[in-house]
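Peer 1: Let me begin by handing over the structure; questions about it come next.
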Amino acid sequence: MFNALRSEELLVGIGRVLRIVADAPGALEEYERSQTLSAYSVTRLLAAEQAAAQELLGWTQVRLEGALEGDERPAAQTARDAIADATTGPELGEAVGDLLAALQPGDATGARVHRVLAEMIDREVAALAAPAP
């Protein structure tokens, strides 16, 4: 969800692999074949990620709002606003990263945020592991 690579960057990489395959004279060499299979894996994961992205984003925003409930410190308020305004996973990740950087180790709000993130990761992994449509 917090992927550093945007979908279009992944697609450019996949396109490069497909161009190599298209230009290959005859049968693919083992390296070319493994690159092609890797590109195929990326397409499956990207499709699963895209299919689950909005639901996962919304779920995470709601749960983080709950984790911040009652914390009126400026860092929590700033995070609350940035989390609510996030429209992508990287935007949400930046807001959460800024919040966690502002909190002290062992902070109760930080612990609640970490629990939300752990469950969000489990949900994302489940979405990626689901059979392709």
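Residue numbering restarts at 1 in every chain; chains get A, B, ... in the order shown in the structure tokens, and ligands count up from 1 in that same order.
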At a cut-off of 9 Å, using only C-alpha atoms, what residues contact Val21 of chain A? Leave out same-chain residues fewer than 5 positions from it and give the result as a ChimeraX atom specification.

Peer 2: /A:16,28,32-33,36

Peer 1: Selected residues, N, CA and C atoms, written as a PDB file, in the first residue's frame, please.

Peer 2:
ATOM      1  N   ARG A  16       9.434  -2.972 -20.803  1.00  0.00           N
ATOM      2  CA  ARG A  16      10.821  -3.212 -21.252  1.00  0.00           C
ATOM      3  C   ARG A  16      11.080  -4.708 -21.406  1.00  0.00           C
ATOM      4  N   LEU A  28      13.694 -18.131 -26.147  1.00  0.00           N
ATOM      5  CA  LEU A  28      14.301 -17.305 -25.106  1.00  0.00           C
ATOM      6  C   LEU A  28      15.407 -18.064 -24.388  1.00  0.00           C
ATOM      7  N   GLU A  32      16.288 -14.606 -20.052  1.00  0.00           N
ATOM      8  CA  GLU A  32      15.148 -13.911 -20.645  1.00  0.00           C
ATOM      9  C   GLU A  32      13.838 -14.547 -20.186  1.00  0.00           C
ATOM     10  N   ARG A  33      13.830 -15.856 -20.125  1.00  0.00           N
ATOM     11  CA  ARG A  33      12.630 -16.564 -19.675  1.00  0.00           C
ATOM     12  C   ARG A  33      12.310 -16.213 -18.221  1.00  0.00           C
ATOM     13  N   THR A  36      10.874 -12.774 -18.004  1.00  0.00           N
ATOM     14  CA  THR A  36       9.492 -12.764 -18.489  1.00  0.00           C
ATOM     15  C   THR A  36       8.546 -13.276 -17.408  1.00  0.00           C
TER      16      THR A  36
END

Peer 1: What's the 12 Å shell around Arg80 of chain A, counting only C-alpha atoms, without same-chain residues fewer than 6 positions away, as a PyMOL selection string?

Peer 2: chain A and resi 61-74+86+92+95-96+98-99+109+113

Peer 1: Segment 10-59 of chain A near segment 125-128 of chain A within 9 Å: what's each residue's closest atom pair and its distance in Å to one decimal, counting only C-alpha atoms, ordered by chain then ascending residue number, as CSV?

Peer 2:
residue,atom,partner,partner_atom,distance
A:Arg44,CA,A:Leu128,CA,8.4
A:Leu45,CA,A:Leu128,CA,5.9
A:Leu46,CA,A:Leu128,CA,8.5
A:Ala47,CA,A:Leu128,CA,8.7
A:Ala48,CA,A:Leu128,CA,5.4
A:Glu49,CA,A:Leu128,CA,6.3
A:Ala51,CA,A:Ala127,CA,8.5
A:Ala52,CA,A:Ala127,CA,6.5

Peer 1: Which of segment 4-133 of chain A counts as alpha helix (DSSP H) under DSSP, as a VMD selection string please?

Peer 2: chain A and resid 7 to 23 30 to 68 74 to 85 89 to 102 108 to 129

Peer 1: Residues at most 12 Å from Thr88 of chain A, counting only C-alpha atoms, excluding those fewer than 3 positions away in the same chain, as a PyMOL selection string?

Peer 2: chain A and resi 1-4+6-7+50+53-58+60-61+82-85+91-95

Peer 1: Would you compute the distance between atom CA of Leu10 of chain A and atom CA of Leu100 of chain A? Give it in Å to one decimal.

Peer 2: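 Between these atoms lies a distance of 28.4 Å.
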
Peer 1: Would you please work out which residue, of A:Val42, A:Ala75, A:Asp107, A:Pro131, is nearest to Glu9 of chain A when using only C-alpha atoms?

Peer 2: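 Selected residue with least distance to Glu9 of chain A: A:Val42.
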
Peer 1: What's the separation between atom CA of Pro105 of chain A and atom CA of Glu119 of chain A, in Å to one decimal place?

Peer 2: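 Answer for the atom CA of Pro105 of chain A to atom CA of Glu119 of chain A separation: 20.2 Å.
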
Peer 1: Ranking A:Tyr40, A:Met120, A:Ala76, A:Ala108 by minimum distance to Trp59 of chain A and counting only C-alpha atoms, which one comes first?

Peer 2: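 That would be A:Met120, the residue with the smallest distance to Trp59 of chain A.
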
Peer 1: In Å, how far is it from atom CA of Ala39 of chain A to atom CA of Ala130 of chain A?

Peer 2: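 Separation of atom CA of Ala39 of chain A and atom CA of Ala130 of chain A: 18.3 Å.
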